[in-house]
Every structure is written in structure tokens, then in C-alpha cells.
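Enquirer: data.txt (compact mmCIF, C-alpha atoms and all ligand atoms) pasted underneath:
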# COMPACT_ATOMS: atom_id res chain seq x y z
CA MET A 1 -0.88 -20.14 29.08
CA SER A 2 -0.24 -20.74 25.44
CA ASP A 3 2.53 -23.07 24.32
CA PRO A 4 5.43 -20.77 23.30
CA GLU A 5 6.29 -22.79 20.20
CA THR A 6 2.76 -22.69 18.88
CA LEU A 7 2.53 -19.01 19.59
CA THR A 8 5.83 -18.45 17.73
CA GLU A 9 4.48 -20.18 14.64
CA ARG A 10 1.30 -18.13 14.78
CA VAL A 11 3.24 -14.88 15.19
CA LYS A 12 5.35 -15.75 12.16
CA GLY A 13 2.25 -16.64 10.17
CA LEU A 14 0.73 -13.29 11.04
CA ALA A 15 3.90 -11.39 10.02
CA LEU A 16 3.71 -13.00 6.58
CA ALA A 17 -0.05 -12.43 6.38
CA VAL A 18 0.27 -8.69 7.02
CA GLY A 19 2.70 -8.46 4.08
CA PHE A 20 6.29 -9.18 5.14
CA ASP A 21 8.38 -11.62 3.08
CA LEU A 22 10.67 -12.73 5.88
CA VAL A 23 10.25 -13.19 9.60
CA GLY A 24 12.44 -14.64 12.32
CA ILE A 25 12.83 -14.41 16.07
CA ALA A 26 15.85 -13.13 17.99
CA PRO A 27 16.25 -13.05 21.76
CA ALA A 28 16.05 -9.46 23.05
CA GLU A 29 19.59 -9.18 24.37
CA PRO A 30 22.98 -7.78 23.29
CA SER A 31 24.72 -9.82 20.58
CA PRO A 32 28.24 -9.81 19.08
CA GLN A 33 26.72 -7.79 16.20
CA THR A 34 25.23 -5.07 18.38
CA GLN A 35 28.60 -4.76 20.17
CA ARG A 36 30.08 -3.58 16.85
CA LEU A 37 28.35 -0.22 17.14
CA ARG A 38 30.63 1.42 19.72
CA PRO A 39 33.93 0.82 17.88
CA TRP A 40 32.25 1.94 14.63
CA LEU A 41 31.16 5.21 16.21
CA ALA A 42 34.59 5.68 17.85
CA HIS A 43 36.22 5.59 14.40
CA GLY A 44 34.02 8.50 13.34
CA TYR A 45 32.37 6.45 10.59
CA ALA A 46 28.95 7.95 11.39
CA GLY A 47 30.01 11.44 10.22
CA GLU A 48 27.20 13.93 10.81
CA MET A 49 24.64 11.23 11.72
CA HIS A 50 24.88 12.28 15.37
CA TYR A 51 21.60 10.56 16.20
CA LEU A 52 23.41 7.20 15.95
CA ALA A 53 25.59 8.11 18.91
CA ARG A 54 22.52 8.91 21.00
CA ARG A 55 20.80 6.05 22.83
CA VAL A 56 23.76 3.72 22.23
CA GLU A 57 22.89 1.65 25.30
CA GLU A 58 19.48 1.00 23.80
CA ARG A 59 20.85 0.10 20.38
CA VAL A 60 23.18 -2.43 21.97
CA ASP A 61 20.63 -3.88 24.40
CA PRO A 62 16.95 -3.99 23.27
CA ARG A 63 15.79 -4.49 26.87
CA LYS A 64 16.71 -0.85 27.44
CA VAL A 65 14.20 0.14 24.75
CA LEU A 66 11.33 -1.93 26.09
CA ASP A 67 11.37 -2.85 29.72
CA GLY A 68 10.77 -6.60 30.03
CA ALA A 69 11.45 -7.28 26.34
CA ARG A 70 12.16 -10.95 25.69
CA SER A 71 11.99 -11.34 21.93
CA ILE A 72 12.51 -9.40 18.71
CA VAL A 73 10.32 -10.27 15.76
CA ALA A 74 12.70 -9.42 12.88
CA LEU A 75 11.02 -8.57 9.56
CA GLY A 76 12.18 -8.34 5.95
CA PHE A 77 10.54 -7.03 2.80
CA VAL A 78 11.91 -7.29 -0.78
CA TYR A 79 11.83 -3.85 -2.39
CA ASP A 80 13.43 -4.55 -5.72
CA PRO A 81 11.27 -6.96 -7.65
CA GLY A 82 13.90 -7.57 -10.30
CA GLU A 83 12.84 -4.90 -12.72
CA MET A 84 15.61 -2.59 -11.80
CA ALA A 85 15.41 1.16 -11.62
CA GLY A 86 18.75 1.44 -13.39
CA ASP A 87 17.55 -0.73 -16.27
CA ALA A 88 15.19 1.82 -17.79
CA SER A 89 17.15 2.77 -20.88
CA ALA A 90 17.74 6.42 -21.57
CA GLU A 91 15.32 6.59 -24.52
CA ALA A 92 15.30 10.35 -24.78
CA GLY A 93 18.75 11.87 -25.30
CA GLY A 94 20.73 13.74 -22.69
CA ALA A 95 22.46 12.86 -19.49
CA ARG A 96 20.55 10.99 -16.81
CA MET A 97 20.79 10.84 -13.07
CA ARG A 98 20.62 7.53 -11.27
CA ILE A 99 18.80 7.15 -8.00
CA ALA A 100 18.94 4.15 -5.68
CA ARG A 101 16.34 1.45 -6.27
CA TYR A 102 14.50 2.07 -3.04
CA VAL A 103 13.67 5.74 -3.49
CA GLY A 104 11.53 6.31 -6.58
CA GLY A 105 8.12 5.47 -5.10
CA ASP A 106 6.29 6.03 -1.82
CA ASP A 107 8.41 6.27 1.32
CA TYR A 108 9.04 2.79 2.72
CA HIS A 109 8.83 4.04 6.29
CA ASP A 110 5.18 4.99 5.76
CA VAL A 111 4.27 1.91 3.73
CA LEU A 112 5.85 -0.61 6.08
CA ILE A 113 5.16 0.95 9.47
CA GLU A 114 1.42 0.43 8.77
CA ARG A 115 2.17 -3.28 8.37
CA VAL A 116 4.23 -3.30 11.57
CA ARG A 117 1.30 -1.72 13.43
CA ALA A 118 -1.05 -4.39 12.04
CA LEU A 119 1.32 -7.05 13.35
CA GLU A 120 1.57 -5.37 16.77
CA ASP A 121 -2.23 -5.22 17.05
CA GLY A 122 -2.48 -8.89 16.09
CA LEU A 123 0.05 -10.06 18.68
CA GLU A 124 -2.29 -9.23 21.52
CA LEU A 125 -5.14 -11.14 19.88
CA LEU A 126 -2.89 -14.17 19.30
CA ALA A 127 -1.57 -14.16 22.86
CA GLY A 128 -4.98 -13.59 24.44
CA HIS A 129 -3.58 -11.12 26.98
CA PRO A 130 -2.02 -7.65 26.95
CA VAL A 131 1.34 -7.63 25.15
CA ALA A 132 3.97 -4.90 25.31
CA THR A 133 5.47 -4.05 21.91
CA ARG A 134 7.68 -1.44 20.20
CA GLY A 135 7.68 -1.68 16.42
CA TYR A 136 10.11 0.08 14.10
CA VAL A 137 11.10 0.42 10.49
CA ASP A 138 14.41 2.26 10.43
CA THR A 139 13.67 5.05 12.86
CA GLY A 140 14.01 3.44 16.29
CA PRO A 141 17.09 2.80 18.46
CA VAL A 142 17.43 -0.75 17.14
CA LEU A 143 20.20 -2.22 14.99
CA GLU A 144 17.92 -3.86 12.50
CA ARG A 145 20.62 -5.74 10.59
CA ALA A 146 21.95 -7.20 13.84
CA ALA A 147 18.45 -8.28 14.86
CA ALA A 148 17.76 -9.78 11.42
CA ALA A 149 21.06 -11.68 11.41
CA ARG A 150 20.46 -13.05 14.90
CA ALA A 151 16.94 -14.06 13.87
CA GLY A 152 18.21 -16.09 10.91
CA LEU A 153 16.89 -13.81 8.14
CA GLY A 154 20.28 -13.95 6.44
CA TRP A 155 23.89 -12.98 7.12
CA ILE A 156 25.64 -9.62 7.26
CA GLY A 157 27.82 -9.52 4.16
CA LYS A 158 31.12 -7.81 3.52
CA ASN A 159 29.15 -4.83 2.19
CA SER A 160 27.51 -4.69 5.66
CA CYS A 161 24.09 -5.48 4.15
CA LEU A 162 21.84 -8.28 5.35
CA ILE A 163 21.77 -10.91 2.59
CA HIS A 164 19.15 -13.64 2.33
CA PRO A 165 20.29 -16.74 0.41
CA ALA A 166 17.21 -16.80 -1.88
CA LEU A 167 15.99 -13.20 -1.86
CA GLY A 168 19.30 -11.33 -1.97
CA SER A 169 19.86 -8.03 -0.16
CA TYR A 170 17.41 -5.55 -1.69
CA LEU A 171 15.44 -5.80 1.53
CA PHE A 172 13.92 -3.38 3.97
CA LEU A 173 14.13 -4.53 7.55
CA GLY A 174 11.91 -3.88 10.52
CA ALA A 175 11.69 -5.08 14.10
CA VAL A 176 9.05 -5.53 16.78
CA LEU A 177 10.32 -5.81 20.35
CA THR A 178 7.93 -7.67 22.59
CA ASP A 179 7.67 -9.09 26.08
CA LEU A 180 6.35 -12.36 24.61
CA ALA A 181 8.75 -15.29 25.09
CA LEU A 182 9.05 -16.60 21.53
CA GLU A 183 11.25 -19.42 20.26
CA PRO A 184 14.48 -17.91 18.76
CA ASP A 185 15.67 -18.94 15.29
CA VAL A 186 19.13 -20.18 14.41
CA PRO A 187 21.42 -17.59 12.73
CA GLU A 188 22.35 -18.21 9.07
CA PRO A 189 26.08 -18.88 8.56
CA GLU A 190 27.86 -16.32 6.40
CA HIS A 191 28.28 -17.17 2.71
CA CYS A 192 30.56 -14.39 1.38
CA GLY A 193 33.57 -16.70 1.34
CA SER A 194 36.57 -15.20 -0.44
CA CYS A 195 34.42 -12.90 -2.62
CA ARG A 196 35.37 -9.22 -2.47
CA ALA A 197 33.27 -7.89 -5.34
CA CYS A 198 31.58 -5.21 -3.19
CA LEU A 199 34.82 -4.04 -1.60
CA ASP A 200 36.56 -3.67 -4.95
CA ALA A 201 33.65 -2.06 -6.79
CA CYS A 202 33.00 0.83 -4.40
CA PRO A 203 34.08 3.92 -6.37
CA THR A 204 34.73 5.99 -3.24
CA ASP A 205 36.59 3.26 -1.29
CA ALA A 206 34.06 3.44 1.49
CA PHE A 207 34.88 0.10 3.11
CA ALA A 208 37.43 0.50 5.88
CA GLU A 209 37.64 -3.29 5.93
CA PRO A 210 35.31 -6.16 5.06
CA TYR A 211 31.93 -5.74 6.88
CA VAL A 212 32.80 -2.21 8.00
CA LEU A 213 31.52 0.80 6.10
CA ASP A 214 33.01 4.25 6.64
CA ALA A 215 29.74 6.05 6.02
CA THR A 216 31.48 9.40 5.48
CA ARG A 217 32.83 8.03 2.17
CA CYS A 218 29.66 6.17 1.14
CA ILE A 219 27.69 7.75 -1.74
CA SER A 220 24.50 6.93 0.10
CA TYR A 221 25.67 9.15 2.95
CA THR A 222 27.17 11.96 0.87
CA THR A 223 24.06 12.24 -1.32
CA ILE A 224 21.36 11.76 1.35
CA GLU A 225 22.59 12.45 4.85
CA ALA A 226 25.38 15.02 4.50
CA ARG A 227 24.08 18.58 4.35
CA GLY A 228 27.21 20.52 3.39
CA ALA A 229 29.74 20.33 0.58
CA VAL A 230 30.69 16.90 -0.75
CA PRO A 231 34.49 16.50 -0.42
CA GLU A 232 36.02 17.10 -3.86
CA GLU A 233 38.02 13.86 -3.82
CA LEU A 234 34.73 11.88 -3.67
CA ARG A 235 32.82 13.72 -6.41
CA ALA A 236 34.18 11.85 -9.43
CA GLY A 237 33.30 8.58 -7.70
CA HIS A 238 29.64 9.63 -7.58
CA GLY A 239 29.46 9.08 -11.36
CA GLU A 240 25.77 9.27 -12.30
CA ARG A 241 24.51 8.69 -8.77
CA GLY A 242 22.38 11.53 -7.47
CA PHE A 243 20.56 9.97 -4.53
CA GLY A 244 21.75 6.84 -2.71
CA CYS A 245 23.85 4.10 -4.25
CA ASP A 246 23.42 0.40 -4.99
CA ILE A 247 26.86 -0.46 -6.37
CA CYS A 248 27.96 -2.68 -3.48
CA GLN A 249 24.72 -4.64 -3.89
CA GLU A 250 24.59 -4.64 -7.70
CA VAL A 251 27.90 -6.46 -7.91
CA CYS A 252 26.94 -8.99 -5.23
CA PRO A 253 26.52 -12.49 -6.68
CA TRP A 254 23.62 -13.07 -4.30
CA ASN A 255 21.63 -10.37 -6.12
CA THR A 256 21.74 -11.73 -9.64
CA ARG A 257 18.26 -12.03 -11.08
CA GLN A 258 18.69 -15.72 -11.76
CA ARG A 259 19.50 -16.30 -8.16
CA ARG A 260 16.78 -14.16 -6.63
CA SER A 261 13.18 -15.10 -6.24
CA VAL A 262 10.42 -12.52 -5.74
CA PRO A 263 7.56 -13.37 -3.43
CA ALA A 264 3.90 -12.62 -4.21
CA ASP A 265 2.58 -9.21 -3.12
CA PRO A 266 -1.09 -9.60 -2.15
CA HIS A 267 -1.21 -6.18 -0.45
CA GLY A 268 0.25 -4.32 -3.43
CA LEU A 269 3.06 -2.93 -1.28
CA ARG A 270 5.72 -3.32 -3.96
CA ALA A 271 3.52 -1.41 -6.39
CA ARG A 272 3.44 1.53 -3.95
CA LEU A 273 7.22 1.42 -3.56
CA ALA A 274 7.94 1.06 -7.30
CA PRO A 275 9.64 4.08 -8.89
CA ARG A 276 7.25 6.63 -10.39
CA PRO A 277 7.89 7.24 -14.10
CA GLU A 278 9.56 10.62 -13.60
CA TRP A 279 12.10 9.08 -11.23
CA ARG A 280 13.14 6.18 -13.41
CA GLN A 281 16.53 7.48 -14.48
CA PRO A 282 15.40 11.12 -14.54
CA SER A 283 16.86 13.53 -17.03
CA LEU A 284 19.59 15.60 -15.46
CA ALA A 285 18.41 18.73 -17.27
CA TRP A 286 14.98 18.24 -15.68
CA VAL A 287 16.40 17.88 -12.19
CA LEU A 288 18.70 20.89 -12.62
CA SER A 289 15.76 23.06 -13.69
CA LEU A 290 13.40 22.04 -10.89
CA GLY A 291 12.14 25.00 -8.88
CA GLU A 292 11.38 24.40 -5.22
CA ASP A 293 7.61 24.05 -5.78
CA ALA A 294 8.09 21.60 -8.64
CA TRP A 295 10.54 19.64 -6.48
CA ARG A 296 7.97 19.53 -3.66
CA ALA A 297 5.29 18.20 -6.02
CA ALA A 298 7.60 15.62 -7.61
CA THR A 299 8.83 14.29 -4.25
CA ARG A 300 5.50 14.07 -2.46
CA ARG A 301 5.43 11.03 -0.09
CA SER A 302 8.87 10.05 -1.43
CA PRO A 303 12.12 9.30 0.42
CA LEU A 304 13.75 11.78 -1.98
CA ARG A 305 12.60 14.52 0.38
CA ARG A 306 15.28 13.53 2.88
CA ALA A 307 18.11 15.20 0.95
CA LYS A 308 16.04 18.43 0.82
CA TYR A 309 15.78 20.60 -2.29
CA ARG A 310 19.31 21.95 -2.02
CA GLY A 311 20.76 18.50 -1.42
CA LEU A 312 19.23 17.09 -4.60
CA LEU A 313 20.47 20.03 -6.67
CA ARG A 314 23.95 19.77 -5.11
CA ASN A 315 23.99 16.07 -6.08
CA ALA A 316 22.70 16.80 -9.59
CA LEU A 317 25.48 19.36 -10.11
CA ILE A 318 28.06 16.70 -9.23
CA VAL A 319 26.45 14.32 -11.71
CA ALA A 320 26.48 17.11 -14.32
CA GLY A 321 30.21 17.58 -13.72
CA ASN A 322 30.74 13.87 -14.28
CA SER A 323 28.45 13.65 -17.32
CA GLY A 324 30.65 15.14 -20.06
CA ASP A 325 27.40 16.64 -21.45
CA ARG A 326 28.23 20.19 -22.45
CA SER A 327 24.61 20.91 -23.37
CA LEU A 328 24.11 21.27 -19.59
CA LEU A 329 26.51 24.25 -19.40
CA PRO A 330 23.81 26.98 -19.37
CA LEU A 331 21.85 25.24 -16.60
CA VAL A 332 24.95 24.69 -14.52
CA GLN A 333 26.04 28.29 -15.10
CA ARG A 334 22.68 29.48 -13.75
CA HIS A 335 23.42 27.74 -10.44
CA ALA A 336 26.95 29.19 -10.40
CA ASP A 337 25.47 32.68 -10.70
CA ALA A 338 22.59 32.27 -8.25
CA GLY A 339 22.84 33.30 -4.61
CA ASP A 340 23.30 29.93 -2.90
CA ALA A 341 26.98 29.55 -1.93
CA LEU A 342 26.88 25.75 -1.58
CA LEU A 343 25.25 25.24 -4.98
CA ALA A 344 27.43 27.89 -6.62
CA GLU A 345 30.60 26.11 -5.45
CA HIS A 346 29.38 22.73 -6.78
CA ALA A 347 28.31 24.40 -10.02
CA ARG A 348 31.77 25.98 -10.49
CA TRP A 349 33.32 22.57 -9.91
CA ALA A 350 30.98 21.06 -12.52
CA LEU A 351 31.84 23.84 -15.01
CA GLU A 352 35.54 23.07 -14.57
CA GLN A 353 34.95 19.37 -15.19
CA LEU A 354 32.87 20.07 -18.30
CA ALA A 355 35.47 22.53 -19.60
CA GLY A 356 38.14 19.86 -19.07
CA ASP A 357 36.05 17.37 -21.07
C1 LIG B 401 22.74 4.85 9.42
C2 LIG B 401 22.24 3.99 8.30
C3 LIG B 401 22.88 4.08 7.07
C4 LIG B 401 24.19 4.83 6.88
C5 LIG B 401 25.34 3.94 7.41
C6 LIG B 401 25.25 2.48 6.94
C7 LIG B 401 26.15 1.50 7.66
N1 LIG B 401 26.58 0.45 6.97
O1 LIG B 401 26.44 1.70 8.83
C8 LIG B 401 24.20 5.08 5.34
C9 LIG B 401 23.54 6.42 5.06
C10 LIG B 401 25.56 5.06 4.67
C11 LIG B 401 23.27 3.96 4.88
C12 LIG B 401 23.29 3.45 3.61
C13 LIG B 401 22.45 2.43 3.15
N2 LIG B 401 21.41 1.91 3.84
CO1 LIG B 401 21.03 2.29 5.70
N3 LIG B 401 20.61 2.44 7.54
C14 LIG B 401 21.15 3.10 8.51
C15 LIG B 401 20.41 2.81 9.83
C16 LIG B 401 19.44 3.95 10.11
C17 LIG B 401 21.34 2.56 11.03
C18 LIG B 401 22.54 1.65 10.70
C19 LIG B 401 23.57 1.64 11.79
O2 LIG B 401 23.24 1.65 12.96
N4 LIG B 401 24.87 1.60 11.36
C20 LIG B 401 25.96 1.38 12.27
C21 LIG B 401 26.65 0.05 11.90
C22 LIG B 401 27.74 -0.30 12.93
O3 LIG B 401 25.65 -0.93 11.99
P1 LIG B 401 25.01 -1.75 10.73
O4 LIG B 401 24.83 -0.86 9.57
O5 LIG B 401 23.82 -2.46 11.25
O6 LIG B 401 26.17 -2.74 10.36
C23 LIG B 401 26.43 -4.02 10.88
C24 LIG B 401 27.66 -4.53 10.19
O7 LIG B 401 28.46 -3.43 9.79
C25 LIG B 401 28.31 -5.39 11.26
N5 LIG B 401 29.70 -5.07 11.57
C26 LIG B 401 30.25 -3.91 11.95
N6 LIG B 401 31.55 -4.06 12.15
C27 LIG B 401 31.85 -5.35 11.89
C28 LIG B 401 33.07 -6.03 11.93
C29 LIG B 401 33.06 -7.38 11.60
C30 LIG B 401 34.36 -8.12 11.66
C31 LIG B 401 31.85 -8.07 11.25
C32 LIG B 401 31.84 -9.51 10.93
C33 LIG B 401 30.64 -7.35 11.21
C34 LIG B 401 30.68 -6.01 11.52
O8 LIG B 401 27.61 -5.20 12.48
C35 LIG B 401 26.82 -4.03 12.37
C36 LIG B 401 25.69 -4.14 13.38
O9 LIG B 401 24.84 -5.21 13.05
C37 LIG B 401 19.67 1.46 9.46
C38 LIG B 401 18.33 1.23 10.19
C39 LIG B 401 18.55 0.62 11.57
N7 LIG B 401 17.89 1.19 12.54
O10 LIG B 401 19.29 -0.32 11.72
C40 LIG B 401 19.50 1.59 7.93
C41 LIG B 401 19.62 0.30 7.11
C42 LIG B 401 20.81 -0.47 7.63
N8 LIG B 401 19.92 0.78 5.77
C43 LIG B 401 19.39 0.09 4.81
C44 LIG B 401 19.57 0.34 3.42
C45 LIG B 401 18.59 -0.30 2.47
C46 LIG B 401 20.64 1.16 2.98
C47 LIG B 401 21.15 1.33 1.54
C48 LIG B 401 21.12 0.07 0.69
C49 LIG B 401 20.36 2.47 0.86
C50 LIG B 401 20.88 2.90 -0.52
N9 LIG B 401 20.63 2.15 -1.56
O11 LIG B 401 21.48 3.91 -0.65
C51 LIG B 401 22.62 1.80 1.81
C52 LIG B 401 23.59 0.62 1.92
C53 LIG B 401 25.01 1.05 2.21
C54 LIG B 401 25.77 -0.02 3.01
N10 LIG B 401 26.62 -0.77 2.34
O12 LIG B 401 25.56 -0.13 4.23
C55 LIG B 401 18.58 -1.08 5.38
C56 LIG B 401 19.41 -2.38 5.32
C57 LIG B 401 18.95 -3.42 4.33
C58 LIG B 401 19.90 -4.60 4.29
N11 LIG B 401 19.58 -5.56 3.43
O13 LIG B 401 20.88 -4.69 5.01
C59 LIG B 401 18.33 -0.58 6.86
C60 LIG B 401 18.18 -1.69 7.89
C61 LIG B 401 17.05 0.29 6.82
C62 LIG B 401 15.77 -0.54 6.81
N12 LIG B 401 14.94 -0.45 7.84
O14 LIG B 401 15.51 -1.29 5.90
N13 LIG B 401 22.46 3.53 5.89
Represent the supplied structure as C-alpha cells.
Ligand code: B12

Expert:
Amino acid sequence: MSDPETLTERVKGLALAVGFDLVGIAPAEPSPQTQRLRPWLAHGYAGEMHYLARRVEERVDPRKVLDGARSIVALGFVYDPGEMAGDASAEAGGARMRIARYVGGDDYHDVLIERVRALEDGLELLAGHPVATRGYVDTGPVLERAAAARAGLGWIGKNSCLIHPALGSYLFLGAVLTDLALEPDVPEPEHCGSCRACLDACPTDAFAEPYVLDATRCISYTTIEARGAVPEELRAGHGERGFGCDICQEVCPWNTRQRRSVPADPHGLRARLAPRPEWRQPSLAWVLSLGEDAWRAATRRSPLRRAKYRGLLRNALIVAGNSGDRSLLPLVQRHADAGDALLAEHARWALEQLAGD
């Protein structure tokens, strides 16, 4: 039998070696954080994300996901290296559309799940006997923020994001459940104090209270997850944001460049995730004129696909309405006259806003 502490250190070393920036161990059991899910769902904060209400037992108790699970290896990866997507100045004229920092390059699920699989393969070699594992980046029935917080990767802030004291919150998280008995880490105390920058900055008032996001009002939800019309009262709050939103993280003092450090990237993972040139503050006119084939080509291997073609155009029409740029009128009018009822309604709204301007 291997000494559990030694094995823990070797597992952590391997997680860093395969490319993660942060690793910690949580016991595979329910925690006060996982217990938050049920009340959150009961308030209706999940909106149309019905999948979150499935497999609730498993999300709350990891042992229901993997029989015999004893530990969670919680993983973190910095996706914003400090050169921010929103910083690219709008050299060419015309209105721009902002997309969240995590979306302009290759899809993080694909990039990071490979690394998770490498870690899972290595666990068996380190342990010297068969090891049961279930590894996830985002798509499994695991509350990854809860696991990360319990494993000491950082604390859950008032914006509900996991914040690391040195690396900030522009992190992707992952988790490997295993039947190995590893030594748990100590949770990080919370350091938000009396700060309410994120709560006050949200343009759609999406925080029901500190730490609790009403996803149905969150721009990340309305631009990526929601398939139908965006409620009119939320459209002005979208501003320039056409896919995801970083406002509650941009205003967070733990994300200032001076405060954040960026780890080395020997596997070139950050380069794969970095925004492609066409998605660094794309021109709104370009997005509004994309045909479906051009959209497919421009979003290959990208998380932008999740909103679908119609979703991106719907979002771009809202941004057009907020832009005050009347040179977009002909493009917007084209969508108002085309056959798609959802896009036509958003286009008419945008035309009214532009006429008002
Ligand atoms: C559904 C989902 C969303 C939804 C809902 C988000 C939410 N806050 O619930 C939407 C589409 C809005 C969303 C947006 C974003 N997401 Co998201 N999302 C998820 C997903 C798939 C499930 C989250 C979930 O179960 N939510 C339900 C709530 C109850 O759980 P939670 O988000 O973990 O929130 C915790 C806190 O709210 C806290 N809590 C709840 N109530 C209370 C009350 C008190 C008093 C206290 C103290 C705490 C507390 O406990 C919860 C459980 O740990 C996870 C992946 C995963 N499997 O975990 C990614 C994930 C959470 N998302 C992530 C990211 C990157 C984002 C965005 C930054 C993307 C973007 N730029 O647009 C935004 C951030 C918006 C925000 N402020 O949360 C990362 C988190 C990174 C981080 N540092 O925290 C994850 C882990 C994906 C990943 N694998 O990297 N997301």
C-alpha cells in the first residue's frame, strides 16, 4: 500500500505536469456549498437550463456519480493571460461587439478534457493498481466551484465565481472523482469583505443577493443559453456584449493585472484558447452580415457555436440597437424583413432604438 500523503503529493504534481495551474483535493461528500443547489433551483434561477435540475442528487453528493468515490481532484486553469480580449482597440471605424474573454479561441472543453484524461491515465500508474475515476470539465453532474472551494483552490466570491488570491477568477475548473483516498486540502477563507463592486456593476441586476446569481437575468445566460427572445427590459443592459459577459469579474479587485500572476504554459494551452483575430472585438457589421456557412467556418472548434447561428445574430441585433451607429440601419433592416420571426422582432427593436438615437 502506498502512503496516502505521498500519493497525494504525486497526484498533485502530475496535475500540474499535465498542464493545470491549480490543484487541490476535496473529500467526495456533500458540502455546505453543494447544498446551495436545491434552493437555487427552487427559486427558478436556472431558467431554461433544465439539465441542472436533472441528477441533483449526484450534483450534491459525488459518491452518487462514482460508486466508492473518496476524493475529488479539483483543477484550475487560467484562461485570461492578462492581455484582455476587450483591450483590442477598435482601430477600424464602426461599432464593435464584445465577446467574453473565454470564447474567442478553441473550445476549452476540448482543450482541457484531453488534459483531464492524461491525469486520469496517470493516476493508475501512480497508484500501482486499478483506480476508478470520472473526470469532467463543465459537462458532468459535479458542482465544480463547490469542489474547487472545498479543495482550497480559492473562495466563492459575491459574484459566485471561484477566486484565487494570486490568479484571480478568470479560471476554468475541472474535477476528477476517484476512489483513491487522498489527503484533503484546507478551504481558503473568503476575502470579499465589504466589497460589492460586482453586485453594483451588473447592468441587468442579475444578483438576487451576494453570492447568488439569478441566471435568467445574467447576460451570459441571455446571450448563450437562452434560445428565445431576450426580455426587452434586459436588452439595454447588454450594451456591447454579444456573447457572454465578464463585467462582474472585470470590476473585481482580485482581477487587476497588477494583482494577478500568470503561470507558464509549457503545453501551449493558453495559445489554443486565445481569441482568434476575427473574434477580438469583431465588427458588428461583419457579424450582422454573416451567412450561415460563413458563421460555421468562423466558429469552427469555438465555444461560440453554443449560441447557434440565430442566437449570435439575435445578440448582435441587440448590440446594434444599443450602438447608436446609424450606418448599421440597412443591415438591421434586412433582418427585419427576412423570414425569421425571432430575428425580425429583435431587428425591429434595434431599428426603434436607432431611430430614437
Ligand atoms: C450553469 C452554469 C452557468 C450559468 C449559471 C451560473 C451560476 N452562477 O449559477 C450561466 C450561464 C449564467 C453561467 C455563466 C458564467 N459561467 Co458558468 N457554469 C455553469 C455550470 C455548467 C453549472 C453551475 C451551477 O451548477 N450553478 C448553480 C449554482 C447554485 O452553483 P454555482 O454556480 O457553482 O454557484 C455556487 C455559489 O453560487 C454558491 N452559493 C449559492 N448560493 C449561495 C448562498 C450563499 C450565502 C453563499 C455563501 C454561497 C452561495 O454555491 C454554489 C455552489 O457551489 C458550471 C460548470 C459546473 N459543472 O459546475 C459553469 C461554471 C461555473 N461557469 C464558469 C464560467 C467561466 C462562467 C462565466 C464567467 C462565463 C462568461 N464569461 O460568460 C459566467 C460567470 C457568471 C457568474 N457570475 O456566475 C466556470 C467558473 C469559473 C470560476 N472562476 O468560477 C465553470 C465552473 C465552468 C468551468 N468548468 O470552468 N454559467

Enquirer: Which value, in Å to one decimal, gives the distance between atom C52 of ligand LIG 401 (chain B) and atom CA of Gly237 of chain A?

Expert: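 Atom-to-atom, atom C52 of ligand LIG 401 (chain B) and atom CA of Gly237 of chain A are spaced 15.8 Å apart.
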
Enquirer: May I have the residues within 6 Å of ligand LIG 401 (chain B), computed using only C-alpha atoms and all ligand atoms, as a VMD selection string?

Expert: chain A and resid 33 to 34 36 to 37 40 100 137 to 140 142 to 146 159 to 163 169 to 174 211 to 213 215 218 220 to 221 244 to 246

Enquirer: Find the distance between atom CA of Met49 of chain A and atom CA of Leu199 of chain A and write it in Å to one decimal.

Expert: 22.7 Å

Enquirer: Just the residues within 8 Å of Leu354 of chain A, please, counting all atoms listed in the file, with nothing from its chain fewer than 6 positions along; format it as JSON, numbers by chain.

Expert: {"A": [321, 322, 323, 324, 325, 326, 329]}

Enquirer: Taking all atoms listed in the file into account, which of A:Thr204, A:Thr178, A:Thr216, A:Gln35 comes nearest Glu48 of chain A?

Expert: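 With all atoms listed in the file as the atom set, the closest residue is A:Thr216.
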
Enquirer: When you draw a straight line from atom CA of Pro189 of chain A to atom CA of His164 of chain A, how long is it in Å?

Expert: 10.7 Å

Enquirer: Would you please work out which residue, of A:His267, A:Arg314, A:Arg272, A:Arg306, is nearest to Asp106 of chain A when using all atoms listed in the file?

Expert: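 The answer is A:Arg272, which sits nearest to Asp106 of chain A.
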
Enquirer: Using only C-alpha atoms, which of A:Val78, A:Ala316, A:Cys192, A:Cys248 sits nearest Ala271 of chain A?

Expert: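 Among A:Val78, A:Ala316, A:Cys192, A:Cys248, it is A:Val78 that comes nearest to Ala271 of chain A.
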
Enquirer: Taking 3 positions as the minimum chain separation for residues in the same chain, which residues sit within 10 Å of Leu328 of chain A when counting only C-alpha atoms? Answer as a PyMOL selection string.

Expert: chain A and resi 94-95+284-285+288+317+320-321+323-325+331-333+350-351+354

Enquirer: Using only C-alpha atoms, find the one residue out of A:Arg101, A:Gly19, A:Ile72, A:Ser327 that sits nearest to Leu182 of chain A.

Expert: A:Ile72

Enquirer: Go through segment 70-156 of chain A and flag each residue having an atom no more than 10 Å from segment 26-30 of chain A; for those, report the closest pair of atoms plus their distance in Å to one decimal, using all atoms listed in the file, ordered by chain and rising number, as CSV.

Expert:
residue,atom,partner,partner_atom,distance
A:Arg70,CA,A:Ala28,CA,4.9
A:Ser71,CA,A:Pro27,CA,4.6
A:Ile72,CA,A:Ala26,CA,5.1
A:Val73,CA,A:Ala26,CA,6.6
A:Ala74,CA,A:Ala26,CA,7.1
A:Ala146,CA,A:Ala26,CA,9.5
A:Ala147,CA,A:Ala26,CA,6.3
A:Ala148,CA,A:Ala26,CA,7.6
A:Ala149,CA,A:Ala26,CA,8.5
A:Arg150,CA,A:Ala26,CA,5.6
A:Ala151,CA,A:Ala26,CA,4.4
A:Gly152,CA,A:Ala26,CA,8.0
A:Leu153,CA,A:Ala26,CA,9.9

Enquirer: Which is closest to Thr222 of chain A among A:Leu75, A:Ala46, A:Leu125, A:Val56, if we use all atoms listed in the file?

Expert: A:Ala46

Enquirer: Fewer than 2 positions away in the same chain doesn't count, so skip those; otherwise give me all residues within 10 Å of His335 of chain A, counting only C-alpha atoms, as a ChimeraX atom specification.

Expert: /A:288-289,313-314,317,330-333,337-348

Enquirer: Let me have the centre and edge lengths of the axis-aligned box enclosing all listed atoms of segment 193-210 of chain A with 3 Å padding on every side, in Å to one decimal, as AutoDock Vina command-line options.

Expert:
--center_x 34.6 --center_y -5.4 --center_z -0.4 --size_x 12.1 --size_y 28.7 --size_z 18.7

Enquirer: Considering all atoms listed in the file, return as a PDB file with C-alpha atoms, in the frame of the given file whatever protein or nucleic-acid residues lie within 6 Å of Ala69 of chain A, sequence-local ones (same chain, fewer than 3 positions apart) excluded.

Expert:
ATOM      1  CA  ARG A  63      15.790  -4.490  26.870  1.00  0.00           C
ATOM      2  CA  LEU A  66      11.330  -1.930  26.090  1.00  0.00           C
ATOM      3  CA  THR A 178       7.930  -7.670  22.590  1.00  0.00           C
ATOM      4  CA  ASP A 179       7.670  -9.090  26.080  1.00  0.00           C
TER       5      ASP A 179
END

Enquirer: Residues within 12 Å of Val11 of chain A, please, as number ranges by chain. Count only C-alpha atoms; anything in the same chain fewer than 2 positions from it doesn't count.

Expert: A: 4-9, 13-18, 20, 23-25, 71-75, 118-127, 176, 178, 180-183
